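A.B. asks: Contents of final.cif (mmCIF, C-alpha atoms) are given next:
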```cif
data_final
loop_
_atom_site.label_atom_id
_atom_site.label_comp_id
_atom_site.auth_asym_id
_atom_site.auth_seq_id
_atom_site.Cartn_x
_atom_site.Cartn_y
_atom_site.Cartn_z
CA MET Y 1 189.26 94.87 -158.67
CA LEU Y 2 190.50 91.34 -159.18
CA LEU Y 3 193.06 89.86 -156.83
CA SER Y 4 195.32 89.33 -159.85
CA GLU Y 5 195.28 93.08 -160.58
CA MET Y 6 196.70 94.04 -157.18
CA LYS Y 7 200.38 94.86 -157.04
CA VAL Y 8 202.69 94.52 -154.04
CA VAL Y 9 205.67 96.87 -153.91
CA ALA Y 10 208.56 96.20 -151.53
CA PRO Y 11 210.34 99.45 -150.69
CA GLY Y 12 213.79 99.09 -149.16
CA SER Y 13 213.49 102.05 -146.81
CA LEU Y 14 210.92 104.08 -144.88
CA THR Y 15 211.51 107.07 -147.18
CA GLU Y 16 210.73 104.96 -150.21
CA ALA Y 17 207.62 103.51 -148.55
CA LEU Y 18 206.36 107.02 -147.73
CA ARG Y 19 206.92 108.07 -151.33
CA TRP Y 20 204.63 105.27 -152.55
CA LEU Y 21 201.93 106.33 -150.09
CA GLU Y 22 202.27 110.01 -151.00
CA GLU Y 23 202.15 109.38 -154.72
CA HIS Y 24 199.26 106.95 -154.67
CA GLN Y 25 197.22 108.15 -151.63
CA ASP Y 26 193.97 106.14 -151.39
CA ARG Y 27 195.10 103.76 -154.11
CA ALA Y 28 197.88 102.41 -151.86
CA ARG Y 29 197.62 100.51 -148.60
CA PRO Y 30 200.38 99.49 -146.17
CA LEU Y 31 200.85 95.72 -145.92
CA ALA Y 32 202.31 94.45 -142.65
CA GLY Y 33 201.69 90.84 -141.53
CA ALA Y 34 198.66 90.41 -143.84
CA THR Y 35 196.76 88.41 -141.20
CA ASP Y 36 193.82 90.84 -141.46
CA ALA Y 37 194.52 92.05 -145.00
CA MET Y 38 194.34 88.66 -146.70
CA VAL Y 39 191.08 87.80 -144.95
CA ARG Y 40 189.54 91.10 -146.11
CA VAL Y 41 190.86 90.62 -149.64
CA LYS Y 42 189.31 87.15 -149.79
CA GLU Y 43 186.02 88.68 -148.63
CA GLY Y 44 186.18 91.09 -151.55
CA GLN Y 45 187.09 94.11 -149.44
CA TRP Y 46 190.33 96.09 -149.26
CA ARG Y 47 190.95 95.51 -152.99
CA SER Y 48 193.75 98.04 -153.09
CA PRO Y 49 195.58 98.47 -156.43
CA ILE Y 50 198.90 98.94 -154.64
CA TRP Y 51 200.09 97.32 -151.43
CA VAL Y 52 203.21 98.78 -149.85
CA GLU Y 53 205.01 95.99 -148.01
CA ILE Y 54 206.44 97.31 -144.73
CA ARG Y 55 206.91 94.11 -142.72
CA ARG Y 56 210.66 93.99 -143.23
CA LEU Y 57 211.49 97.72 -143.16
CA PRO Y 58 214.44 98.10 -140.76
CA GLU Y 59 213.11 101.46 -139.46
CA LEU Y 60 209.98 99.75 -138.08
CA GLN Y 61 211.70 96.98 -136.06
CA ARG Y 62 212.88 98.93 -133.00
CA MET Y 63 212.17 98.01 -129.37
CA ASP Y 64 214.06 100.29 -127.03
CA GLN Y 65 213.90 102.47 -123.94
CA ALA Y 66 215.33 106.00 -123.78
CA ASP Y 67 214.45 109.36 -122.17
CA GLY Y 68 211.49 107.93 -120.27
CA TRP Y 69 209.87 106.38 -123.34
CA VAL Y 70 209.60 102.76 -124.38
CA THR Y 71 209.30 102.72 -128.17
CA VAL Y 72 208.07 99.78 -130.22
CA GLY Y 73 208.32 99.81 -134.01
CA ALA Y 74 205.14 99.25 -136.00
CA ALA Y 75 206.40 96.07 -137.67
CA VAL Y 76 207.27 94.34 -134.40
CA THR Y 77 205.27 91.11 -134.33
CA TYR Y 78 203.19 89.81 -131.44
CA GLY Y 79 205.72 86.98 -131.19
CA ARG Y 80 208.59 89.41 -130.64
CA LEU Y 81 206.53 91.40 -128.11
CA LEU Y 82 205.65 88.40 -126.01
CA ARG Y 83 209.22 87.05 -125.99
CA SER Y 84 210.91 90.41 -125.35
CA GLU Y 85 212.84 90.90 -122.12
CA LEU Y 86 212.32 94.68 -122.45
CA MET Y 87 208.54 94.24 -122.69
CA ALA Y 88 208.53 91.84 -119.73
CA GLN Y 89 210.21 94.57 -117.67
CA THR Y 90 208.50 97.71 -118.96
CA ALA Y 91 205.09 96.66 -120.30
CA PRO Y 92 204.10 93.18 -119.10
CA LEU Y 93 200.47 94.19 -119.67
CA LEU Y 94 201.11 94.58 -123.41
CA ALA Y 95 203.16 91.37 -123.58
CA ALA Y 96 200.30 89.46 -121.89
CA ALA Y 97 197.83 90.74 -124.48
CA ALA Y 98 200.18 89.82 -127.36
CA ARG Y 99 200.28 86.28 -125.97
CA ASP Y 100 196.47 86.07 -126.33
CA VAL Y 101 196.32 87.13 -130.00
CA GLY Y 102 195.31 84.34 -132.38
CA SER Y 103 197.83 81.51 -132.35
CA VAL Y 104 201.58 81.07 -132.81
CA GLN Y 105 200.98 81.29 -136.57
CA ILE Y 106 199.21 84.65 -136.25
CA GLN Y 107 201.74 85.88 -133.68
CA ALA Y 108 204.58 85.15 -136.13
CA MET Y 109 203.15 87.46 -138.79
CA GLY Y 110 200.78 89.96 -137.12
CA THR Y 111 202.26 93.27 -135.99
CA LEU Y 112 201.54 95.95 -133.41
CA GLY Y 113 201.18 98.58 -136.13
CA GLY Y 114 198.83 96.33 -138.04
CA ASN Y 115 196.60 95.88 -134.99
CA LEU Y 116 196.35 99.70 -134.74
CA GLY Y 117 195.80 100.17 -138.47
CA THR Y 118 193.02 97.58 -138.68
CA ALA Y 119 191.37 99.48 -135.82
CA SER Y 120 189.07 96.72 -134.65
CA PRO Y 121 187.36 97.55 -131.32
CA ALA Y 122 188.37 94.00 -130.37
CA GLY Y 123 192.08 94.42 -131.24
CA ASP Y 124 193.84 92.79 -128.31
CA THR Y 125 196.89 95.06 -128.00
CA ILE Y 126 194.78 98.23 -127.95
CA PRO Y 127 193.32 98.17 -124.38
CA PRO Y 128 196.86 97.85 -122.94
CA LEU Y 129 197.97 100.81 -125.08
CA PHE Y 130 195.00 102.84 -123.74
CA ALA Y 131 195.92 101.87 -120.18
CA LEU Y 132 199.53 102.88 -120.87
CA GLU Y 133 198.34 106.19 -122.43
CA ALA Y 134 200.55 105.36 -125.39
CA GLU Y 135 201.18 107.62 -128.37
CA VAL Y 136 201.04 106.48 -131.98
CA GLY Y 137 203.80 107.72 -134.28
CA LEU Y 138 202.70 108.68 -137.79
CA CYS Y 139 205.12 109.63 -140.52
CA SER Y 140 204.59 111.21 -143.92
CA ARG Y 141 206.94 112.51 -146.57
CA GLY Y 142 205.48 116.00 -146.52
CA GLY Y 143 204.64 116.40 -142.84
CA GLY Y 144 207.42 114.47 -141.11
CA GLU Y 145 206.59 112.79 -137.84
CA ARG Y 146 203.67 113.41 -135.45
CA TRP Y 147 202.66 111.62 -132.24
CA VAL Y 148 198.96 111.11 -131.56
CA PRO Y 149 197.59 109.98 -128.16
CA VAL Y 150 196.16 106.51 -128.73
CA GLU Y 151 192.76 107.66 -127.42
CA SER Y 152 192.58 110.24 -130.23
CA PHE Y 153 193.87 107.85 -132.88
CA PHE Y 154 190.67 105.86 -133.41
CA LEU Y 155 187.54 107.37 -134.96
CA GLY Y 156 185.41 104.22 -135.07
CA PRO Y 157 185.56 100.60 -136.22
CA GLY Y 158 188.21 100.43 -138.96
CA ARG Y 159 188.68 104.23 -138.91
CA THR Y 160 191.66 106.18 -137.64
CA VAL Y 161 193.19 109.65 -138.00
CA ARG Y 162 195.94 108.26 -140.24
CA ARG Y 163 195.99 110.13 -143.54
CA PRO Y 164 196.49 108.09 -146.74
CA ASP Y 165 200.02 109.49 -147.13
CA GLU Y 166 200.98 108.54 -143.57
CA LEU Y 167 202.44 105.35 -142.15
CA ILE Y 168 202.19 104.14 -138.56
CA THR Y 169 205.85 103.86 -137.65
CA ALA Y 170 205.93 103.22 -133.90
CA VAL Y 171 204.16 103.32 -130.55
CA ARG Y 172 205.68 104.88 -127.42
CA PHE Y 173 204.67 104.93 -123.77
CA ALA Y 174 206.09 105.41 -120.29
CA PRO Y 175 207.03 102.09 -118.69
CA GLN Y 176 204.78 100.47 -116.09
CA ALA Y 177 205.99 101.16 -112.54
CA PRO Y 178 208.04 98.25 -111.13
CA GLY Y 179 205.65 97.55 -108.24
CA GLU Y 180 202.36 98.32 -109.95
CA ARG Y 181 199.54 95.81 -110.07
CA TRP Y 182 198.16 95.02 -113.48
CA LYS Y 183 195.90 92.52 -115.18
CA TRP Y 184 195.03 91.62 -118.77
CA GLN Y 185 191.85 89.62 -119.28
CA LYS Y 186 190.17 88.43 -122.43
CA LEU Y 187 186.84 86.71 -122.71
CA GLY Y 188 186.48 84.61 -125.86
CA LEU Y 189 185.06 81.24 -126.81
CA ARG Y 190 188.39 79.49 -126.34
CA GLY Y 191 191.93 80.34 -125.28
CA ALA Y 192 193.41 80.58 -128.77
CA GLN Y 193 192.05 81.93 -132.04
CA ALA Y 194 189.01 83.60 -130.48
CA ILE Y 195 188.06 87.19 -131.18
CA SER Y 196 187.44 88.96 -127.86
CA MET Y 197 183.84 89.38 -126.68
CA VAL Y 198 185.13 91.65 -123.92
CA SER Y 199 188.70 92.43 -122.89
CA LEU Y 200 190.16 94.42 -120.03
CA ALA Y 201 193.49 96.10 -119.34
CA LEU Y 202 193.87 97.17 -115.72
CA ARG Y 203 196.67 99.10 -113.98
CA LEU Y 204 196.71 100.04 -110.29
CA GLN Y 205 199.15 102.04 -108.19
CA PRO Y 206 198.43 103.96 -104.99
CA GLY Y 207 196.30 106.93 -106.08
CA PHE Y 208 196.43 105.86 -109.76
CA ALA Y 209 194.19 103.60 -111.82
CA ARG Y 210 193.72 102.90 -115.52
CA VAL Y 211 190.85 100.75 -116.76
CA ALA Y 212 190.47 100.13 -120.51
CA PHE Y 213 187.89 97.86 -122.11
CA GLY Y 214 187.96 96.32 -125.59
CA ALA Y 215 185.05 95.11 -127.74
CA VAL Y 216 182.40 97.04 -125.79
CA GLY Y 217 182.13 100.17 -127.94
CA PRO Y 218 182.98 101.55 -131.39
CA THR Y 219 186.56 101.94 -130.19
CA VAL Y 220 188.45 100.70 -127.15
CA LEU Y 221 187.45 102.94 -124.24
CA ARG Y 222 188.58 103.93 -120.77
CA ALA Y 223 186.21 103.59 -117.81
CA ARG Y 224 187.00 106.94 -116.22
CA LYS Y 225 184.47 106.75 -113.37
CA CYS Y 226 185.91 103.40 -112.32
CA GLU Y 227 189.39 104.90 -112.56
CA ALA Y 228 188.42 107.89 -110.39
CA TRP Y 229 186.87 105.72 -107.67
CA LEU Y 230 189.77 103.30 -107.74
CA SER Y 231 192.37 106.02 -107.44
CA GLN Y 232 190.53 107.64 -104.53
CA ALA Y 233 189.60 104.54 -102.56
CA GLU Y 234 191.31 104.44 -99.16
CA ALA Y 235 190.89 100.71 -98.65
CA PHE Y 236 189.65 97.92 -100.84
CA ASP Y 237 187.21 95.48 -99.29
CA LEU Y 238 184.99 93.18 -101.29
CA ALA Y 239 181.99 95.52 -101.14
CA THR Y 240 184.04 98.46 -102.47
CA VAL Y 241 185.54 96.39 -105.27
CA ARG Y 242 182.12 95.09 -106.27
CA SER Y 243 180.50 98.50 -106.30
CA ILE Y 244 183.30 100.00 -108.40
CA ALA Y 245 183.18 97.05 -110.82
CA GLN Y 246 179.41 97.53 -111.19
CA MET Y 247 180.01 101.08 -112.44
CA ALA Y 248 181.57 99.65 -115.58
CA TRP Y 249 178.03 98.72 -116.64
CA LYS Y 250 177.28 102.38 -117.41
CA GLU Y 251 180.65 103.19 -118.90
CA VAL Y 252 180.64 100.69 -121.75
CA ALA Y 253 178.52 100.97 -124.90
CA PRO Y 254 178.53 97.56 -126.57
CA ILE Y 255 176.55 96.29 -129.53
CA SER Y 256 175.03 92.86 -130.06
CA ASP Y 257 176.73 90.82 -132.75
CA VAL Y 258 177.50 87.24 -133.73
CA ARG Y 259 179.87 86.85 -130.78
CA ALA Y 260 177.76 88.17 -127.89
CA SER Y 261 174.75 90.29 -126.98
CA ALA Y 262 175.15 93.84 -125.72
CA ALA Y 263 173.63 92.94 -122.33
CA TYR Y 264 176.01 90.02 -121.90
CA ARG Y 265 178.97 92.21 -122.78
CA GLN Y 266 177.90 94.82 -120.22
CA GLN Y 267 177.62 92.20 -117.50
CA MET Y 268 180.92 90.62 -118.48
CA ALA Y 269 182.71 93.99 -118.43
CA CYS Y 270 181.68 94.28 -114.75
CA ALA Y 271 182.61 90.66 -114.10
CA LEU Y 272 186.06 90.97 -115.68
CA LEU Y 273 186.77 94.13 -113.71
CA GLU Y 274 185.62 92.58 -110.44
CA ARG Y 275 187.64 89.43 -111.11
CA GLY Y 276 190.71 91.44 -112.10
CA LEU Y 277 190.50 93.72 -109.07
CA ARG Y 278 189.96 90.85 -106.67
CA GLU Y 279 192.98 89.08 -108.09
CA VAL Y 280 195.43 91.99 -108.05
CA LEU Y 281 194.16 93.27 -104.67
CA ALA Y 282 193.75 89.80 -103.15
CA VAL Y 283 190.25 90.50 -101.79
CA MET D 1 208.89 86.56 -161.08
CA ILE D 2 208.81 86.01 -157.35
CA SER D 3 211.81 84.06 -156.07
CA PHE D 4 212.26 82.28 -152.77
CA THR D 5 213.57 79.01 -151.39
CA VAL D 6 211.31 76.03 -150.81
CA ASN D 7 212.57 73.01 -148.89
CA GLY D 8 216.14 74.01 -149.65
CA ARG D 9 215.65 74.47 -153.39
CA PRO D 10 215.32 77.78 -155.24
CA ALA D 11 211.87 78.49 -156.66
CA ALA D 12 210.70 81.23 -159.01
CA VAL D 13 207.05 81.67 -159.86
CA ALA D 14 205.14 83.99 -162.17
CA VAL D 15 201.94 84.47 -160.20
CA PRO D 16 199.87 87.48 -159.08
CA ASP D 17 201.55 89.28 -156.15
CA ALA D 18 198.50 88.81 -153.95
CA LYS D 19 197.95 85.13 -154.72
CA PRO D 20 197.88 83.31 -151.39
CA LEU D 21 201.21 81.56 -150.83
CA LEU D 22 199.30 78.36 -150.09
CA ASP D 23 197.81 78.36 -153.60
CA THR D 24 201.21 79.07 -155.13
CA LEU D 25 202.77 76.16 -153.24
CA ARG D 26 199.99 73.80 -154.24
CA ASP D 27 199.13 74.93 -157.80
CA ASP D 28 202.43 76.23 -159.12
CA LEU D 29 205.02 74.24 -157.18
CA GLY D 30 203.14 70.94 -156.80
CA LEU D 31 203.58 70.87 -153.03
CA THR D 32 200.19 69.66 -151.90
CA GLY D 33 201.11 68.75 -148.32
CA ALA D 34 199.85 72.02 -146.86
CA LYS D 35 196.05 72.00 -147.00
CA GLU D 36 193.42 74.67 -147.34
CA CYS D 37 190.58 74.38 -144.87
CA CYS D 38 189.24 77.63 -143.39
CA GLY D 39 191.29 79.91 -145.64
CA LYS D 40 191.43 82.61 -142.98
CA GLY D 41 194.06 81.65 -140.45
CA GLU D 42 191.85 79.90 -137.93
CA CYS D 43 192.60 76.20 -138.46
CA GLY D 44 196.35 75.87 -139.12
CA SER D 45 196.04 73.14 -141.78
CA CYS D 46 198.12 75.29 -144.18
CA THR D 47 200.98 75.86 -141.70
CA VAL D 48 204.45 76.19 -143.27
CA LEU D 49 207.69 77.56 -141.89
CA MET D 50 208.71 80.97 -143.20
CA ASP D 51 212.26 81.79 -142.15
CA GLY D 52 211.77 79.26 -139.34
CA GLU D 53 208.48 80.72 -138.03
CA PRO D 54 205.19 78.83 -138.40
CA VAL D 55 202.74 80.84 -140.51
CA CYS D 56 199.39 80.23 -142.14
CA ALA D 57 200.29 80.06 -145.84
CA CYS D 58 196.69 80.92 -146.72
CA LEU D 59 197.24 84.41 -145.23
CA VAL D 60 200.55 85.26 -146.89
CA PHE D 61 200.65 87.23 -150.15
CA THR D 62 203.05 85.32 -152.41
CA ALA D 63 204.97 88.60 -152.93
CA GLN D 64 205.66 88.66 -149.18
CA ALA D 65 207.67 85.46 -149.60
CA ARG D 66 210.20 87.19 -151.87
CA GLY D 67 213.66 86.10 -150.68
CA VAL D 68 212.48 84.01 -147.74
CA GLU D 69 213.03 80.38 -146.92
CA ILE D 70 209.88 78.24 -146.88
CA ILE D 71 209.74 74.74 -145.41
CA THR D 72 206.60 72.72 -146.08
CA VAL D 73 205.72 69.34 -144.62
CA GLU D 74 207.45 67.79 -147.65
CA GLY D 75 210.70 69.34 -146.39
CA ILE D 76 210.43 67.83 -142.93
CA GLY D 77 212.10 64.46 -142.58
CA GLY D 78 213.70 62.56 -145.46
CA GLY D 79 210.74 60.68 -146.90
CA PRO D 80 209.17 57.38 -145.80
CA GLU D 81 212.53 55.79 -145.01
CA GLN D 82 213.81 58.69 -142.90
CA LEU D 83 210.86 60.14 -141.05
CA ASP D 84 211.34 63.13 -138.81
CA PRO D 85 210.93 62.05 -135.15
CA ILE D 86 207.62 63.93 -135.06
CA GLN D 87 206.34 62.07 -138.13
CA ALA D 88 207.51 58.75 -136.66
CA ALA D 89 205.73 59.55 -133.39
CA PHE D 90 202.50 60.42 -135.23
CA VAL D 91 202.66 57.00 -136.92
CA ALA D 92 203.49 55.20 -133.69
CA GLU D 93 200.74 56.92 -131.71
CA GLY D 94 198.13 56.70 -134.50
CA ALA D 95 197.74 60.45 -134.26
CA ALA D 96 195.71 60.84 -137.43
CA GLN D 97 192.27 59.86 -138.55
CA CYS D 98 191.33 61.50 -141.85
CA GLY D 99 194.78 63.08 -141.98
CA TYR D 100 193.74 66.44 -143.40
CA CYS D 101 195.05 68.43 -140.45
CA THR D 102 198.17 66.29 -140.00
CA PRO D 103 200.63 68.23 -142.21
CA GLY D 104 199.77 71.45 -140.36
CA PHE D 105 200.21 69.76 -137.00
CA ILE D 106 203.57 68.26 -138.03
CA VAL D 107 204.90 71.64 -139.20
CA ALA D 108 203.60 73.48 -136.12
CA ALA D 109 205.07 70.80 -133.86
CA ARG D 110 208.43 71.03 -135.67
CA ALA D 111 208.44 74.81 -135.11
CA LEU D 112 207.62 74.28 -131.44
CA LEU D 113 210.36 71.70 -130.85
CA ASP D 114 212.93 73.72 -132.81
CA LYS D 115 212.41 76.60 -130.38
CA ASN D 116 211.72 74.54 -127.28
CA PRO D 117 213.06 70.95 -127.49
CA HIS D 118 211.60 69.93 -124.13
CA PRO D 119 208.20 71.59 -123.82
CA THR D 120 205.83 71.00 -120.91
CA ALA D 121 202.37 69.58 -121.65
CA ALA D 122 200.96 73.12 -121.37
CA GLU D 123 203.58 74.47 -123.78
CA ILE D 124 202.69 71.76 -126.33
CA ARG D 125 199.02 72.70 -126.04
CA ARG D 126 199.81 76.38 -126.51
CA GLY D 127 202.15 75.70 -129.42
CA LEU D 128 199.46 73.68 -131.21
CA ALA D 129 196.46 75.83 -130.24
CA GLY D 130 196.32 77.29 -133.75
CA ASN D 131 195.74 73.87 -135.32
CA LEU D 132 192.33 72.25 -135.38
CA CYS D 133 191.45 68.57 -135.76
CA ARG D 134 187.76 67.86 -136.33
CA CYS D 135 187.92 64.05 -136.48
CA THR D 136 188.81 62.94 -133.02
CA GLY D 137 190.31 64.46 -129.97
CA TYR D 138 193.72 65.89 -129.56
CA GLN D 139 195.07 63.38 -127.07
CA LYS D 140 197.03 61.22 -129.51
CA ILE D 141 198.42 64.26 -131.27
CA LEU D 142 199.62 65.69 -127.95
CA GLN D 143 201.06 62.29 -126.99
CA ALA D 144 202.91 62.05 -130.30
CA VAL D 145 204.51 65.45 -129.89
CA ALA D 146 205.46 64.66 -126.30
CA LYS D 147 206.98 61.40 -127.46
CA ALA D 148 208.96 63.10 -130.22
CA ALA D 149 210.22 65.63 -127.68
CA GLU D 150 211.43 62.86 -125.41
CA GLY D 151 213.23 61.22 -128.31
CA ARG D 152 211.63 57.85 -127.68
CA ALA D 153 211.61 55.73 -130.83
CA ASP D 154 209.09 53.06 -129.75
#
```
Kindly present the structure from the file in structure tokens form.
C.D. replies:
Amino acid sequence: MLLSEMKVVAPGSLTEALRWLEEHQDRARPLAGATDAMVRVKEGQWRSPIWVEIRRLPELQRMDQADGWVTVGAAVTYGRLLRSELMAQTAPLLAAAARDVGSVQIQAMGTLGGNLGTASPAGDTIPPLFALEAEVGLCSRGGGERWVPVESFFLGPGRTVRRPDELITAVRFAPQAPGERWKWQKLGLRGAQAISMVSLALRLQPGFARVAFGAVGPTVLRARKCEAWLSQAEAFDLATVRSIAQMAWKEVAPISDVRASAAYRQQMACALLERGLREVLAV
Amino acid sequence: MISFTVNGRPAAVAVPDAKPLLDTLRDDLGLTGAKECCGKGECGSCTVLMDGEPVCACLVFTAQARGVEIITVEGIGGGPEQLDPIQAAFVAEGAAQCGYCTPGFIVAARALLDKNPHPTAAEIRRGLAGNLCRCTGYQKILQAVAKAAEGRAD
């Protein structure tokens, strides 16, 4: 399909957007910030006959806290996330990751829902969402709304459980505890504009640990052995921290690609975890 | 037709919905200040303001610009006699060599100073991290933006 044959429709409401997706199924694709979509289109991929523009849908702009959930609309941009007072208080881990996406230009257009929909294993907001045990809200005209745990949402690179008639509408999670220790780390070739070679989202509370790695497997993954040891450790000295960090080596399953070799990624997963733990635990 | 505002004037173009906004600005509206370089959002040479936010025009579907306000480098300052302080500082500091990246830097710097009129050196670096210059270094560019922020006219 030629670029000139692709049509962009701009529904005025979520209901109207869902109708486009239901009626056209695989022939229609949601269009959020376009920062991934345009690149794929220029590469000759994602030549969808119909693009359903959702960036400005009012139903997808929310950022609020109620009944124990923090909810972020799918069309909220990285820029809004990283400047949000609510995010600074309830999910500083996610705000820190948003700050590391691309550049101010990408942050102005790219959205949280788009990062989930693209489903890159290197998507920077995804490890924080794994560490927060977030749920992804999917909406369809026929089936209404369903919430999927973020760990079940991804099937592989570029593949998710979203059906063609469904739209990602929001993400929700319980807020980070006020005193918890957390760390976001991204290893790339430079501070801005680099796709992650390895990334880490870390949360620690007494008896509680969440460790999620990006770019070291077909999807973002949680290092559950590291989490178990961290949540059971009675005291953290340097030797304990190092031995737990070394376990990450066996928990990740990276590939070699243009950005880094698998062996380097495995070593760097351990290094990022050790560095992160030493910083938040001051050992 | 896709209608939006460019540099304060209404524009209406009959182009494919998915045509990159950068190409529409350059080919259909004659605004050749924004430049194509990487074409995939990594270099910032096509930066324009969309509703006040800096975006890579090479990554925007023209249909996404429906109803928005676009400012290109041509809409910053009032021409050679009335340069924007950032443009004047780029001239004063000699912050260009080949000049290809300059329009993108000027627009990104304008966006930065509009939001944060007195940025720290680190904030300037972060605000311009999405813009690449392959001629020289970045020192004169950073100096020019710092100078514009201070409002010095020398």
A.B. asks: Using all atoms listed in the file, which of the listed residues (D:Ala95, D:Ile76, D:Ala146, D:Cys135) sits closest to D:Pro119?
C.D. replies: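 Of the candidates, the smallest distance to D:Pro119 is held by D:Ala146.
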A.B. asks: Would you write out, as a PyMOL selection string, every residue that the PyMOL selection byres ((chain Y and resi 107-117) around 9) captures in this file?
C.D. replies: (chain Y and resi 30-36+55+72-82+98-99+101-106+118-120+123-126+136+153-154+158-160+162+168-171) or (chain D and resi 53-56+60)
A.B. asks: Pick out the residues sitting within 12 Å of Y:Ile244, and hand them over as an mmCIF file with C-alpha atoms, keeping the file's coordinate frame; count all atoms listed in the file, and ignore anything fewer than 2 positions along from it in its own chain.
C.D. replies:
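Output file selection.cif is given in full below:
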```cif
data_model
loop_
_atom_site.group_PDB
_atom_site.id
_atom_site.type_symbol
_atom_site.label_atom_id
_atom_site.label_comp_id
_atom_site.auth_asym_id
_atom_site.auth_seq_id
_atom_site.Cartn_x
_atom_site.Cartn_y
_atom_site.Cartn_z
ATOM 1 C CA ALA Y 209 194.190 103.600 -111.820
ATOM 2 C CA VAL Y 211 190.850 100.750 -116.760
ATOM 3 C CA ALA Y 223 186.210 103.590 -117.810
ATOM 4 C CA ARG Y 224 187.000 106.940 -116.220
ATOM 5 C CA LYS Y 225 184.470 106.750 -113.370
ATOM 6 C CA CYS Y 226 185.910 103.400 -112.320
ATOM 7 C CA GLU Y 227 189.390 104.900 -112.560
ATOM 8 C CA ALA Y 228 188.420 107.890 -110.390
ATOM 9 C CA TRP Y 229 186.870 105.720 -107.670
ATOM 10 C CA LEU Y 230 189.770 103.300 -107.740
ATOM 11 C CA SER Y 231 192.370 106.020 -107.440
ATOM 12 C CA GLN Y 232 190.530 107.640 -104.530
ATOM 13 C CA ALA Y 233 189.600 104.540 -102.560
ATOM 14 C CA PHE Y 236 189.650 97.920 -100.840
ATOM 15 C CA ASP Y 237 187.210 95.480 -99.290
ATOM 16 C CA LEU Y 238 184.990 93.180 -101.290
ATOM 17 C CA ALA Y 239 181.990 95.520 -101.140
ATOM 18 C CA THR Y 240 184.040 98.460 -102.470
ATOM 19 C CA VAL Y 241 185.540 96.390 -105.270
ATOM 20 C CA ARG Y 242 182.120 95.090 -106.270
ATOM 21 C CA GLN Y 246 179.410 97.530 -111.190
ATOM 22 C CA MET Y 247 180.010 101.080 -112.440
ATOM 23 C CA ALA Y 248 181.570 99.650 -115.580
ATOM 24 C CA TRP Y 249 178.030 98.720 -116.640
ATOM 25 C CA LYS Y 250 177.280 102.380 -117.410
ATOM 26 C CA GLU Y 251 180.650 103.190 -118.900
ATOM 27 C CA ALA Y 269 182.710 93.990 -118.430
ATOM 28 C CA CYS Y 270 181.680 94.280 -114.750
ATOM 29 C CA ALA Y 271 182.610 90.660 -114.100
ATOM 30 C CA LEU Y 272 186.060 90.970 -115.680
ATOM 31 C CA LEU Y 273 186.770 94.130 -113.710
ATOM 32 C CA GLU Y 274 185.620 92.580 -110.440
ATOM 33 C CA ARG Y 275 187.640 89.430 -111.110
ATOM 34 C CA GLY Y 276 190.710 91.440 -112.100
ATOM 35 C CA LEU Y 277 190.500 93.720 -109.070
ATOM 36 C CA ARG Y 278 189.960 90.850 -106.670
#
```
A.B. asks: Give me the result of the PyMOL selection byres ((chain D) within 9 of (chain Y)) on this file, residue by residue, as a PyMOL selection string.
C.D. replies: chain D and resi 15-20+39-44+47+53-56+58-61+63-64+108+126-131
A.B. asks: Starting from the shown file, work through the PyMOL selection byres ((chain D and resi 48) around 9) and note down what comes out as a PyMOL selection string.
C.D. replies: chain D and resi 22+34+46-47+49-50+52-57+70-73+103-104+107-108
A.B. asks: Work out how far atom CA of Y:Leu14 is from atom CA of D:Ile2, in Å to one decimal.
C.D. replies: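 Rounded to one decimal, the two atoms are 22.1 Å apart.
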A.B. asks: Just give me the gap between atom CA of Y:Leu202 and atom CA of Y:Lys183 in Å, one decimal is fine.
C.D. replies: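 It comes out at 5.1 Å.
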A.B. asks: Write out as an NGL selection string which residues come within 10 Å of stretch 15-25 of chain Y when counting all atoms listed in the file, dropping same-chain ones fewer than 6 positions away.
C.D. replies: :Y and (9 or 49-54 or 57 or 59 or 139-142 or 163-167)
A.B. asks: Which polymer residues have any atom within 8 Å of an atom of D:Ile106, counting only C-alpha atoms, with same-chain residues fewer than 3 positions away left out, as a PyMOL selection string?
C.D. replies: chain D and resi 73+86-87+102-103+109-110
A.B. asks: Provide the atom CA of Y:Arg146 to atom CA of Y:Pro218 distance in Å, to one decimal place.
C.D. replies: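 Spanning atom CA of Y:Arg146 to atom CA of Y:Pro218 is a straight-line distance of 24.2 Å.
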A.B. asks: Kindly complete stretch 190-194 of chain Y to N, CA and C atoms; the output should be written as a PDB file, in the frame of the given file.
C.D. replies:
```pdb
ATOM      1  N   ARG Y 190     187.342  80.399-126.771  1.00  0.00           N
ATOM      2  CA  ARG Y 190     188.390  79.490-126.340  1.00  0.00           C
ATOM      3  C   ARG Y 190     189.674  80.289-126.161  1.00  0.00           C
ATOM      4  N   GLY Y 191     190.707  79.615-125.606  1.00  0.00           N
ATOM      5  CA  GLY Y 191     191.930  80.340-125.280  1.00  0.00           C
ATOM      6  C   GLY Y 191     192.614  80.915-126.502  1.00  0.00           C
ATOM      7  N   ALA Y 192     192.725  80.118-127.570  1.00  0.00           N
ATOM      8  CA  ALA Y 192     193.410  80.580-128.770  1.00  0.00           C
ATOM      9  C   ALA Y 192     192.397  80.902-129.854  1.00  0.00           C
ATOM     10  N   GLN Y 193     192.790  81.719-130.797  1.00  0.00           N
ATOM     11  CA  GLN Y 193     192.050  81.930-132.040  1.00  0.00           C
ATOM     12  C   GLN Y 193     190.681  82.576-131.877  1.00  0.00           C
ATOM     13  N   ALA Y 194     190.339  83.022-130.649  1.00  0.00           N
ATOM     14  CA  ALA Y 194     189.010  83.600-130.480  1.00  0.00           C
ATOM     15  C   ALA Y 194     189.102  85.119-130.531  1.00  0.00           C
TER      16      ALA Y 194
END
```
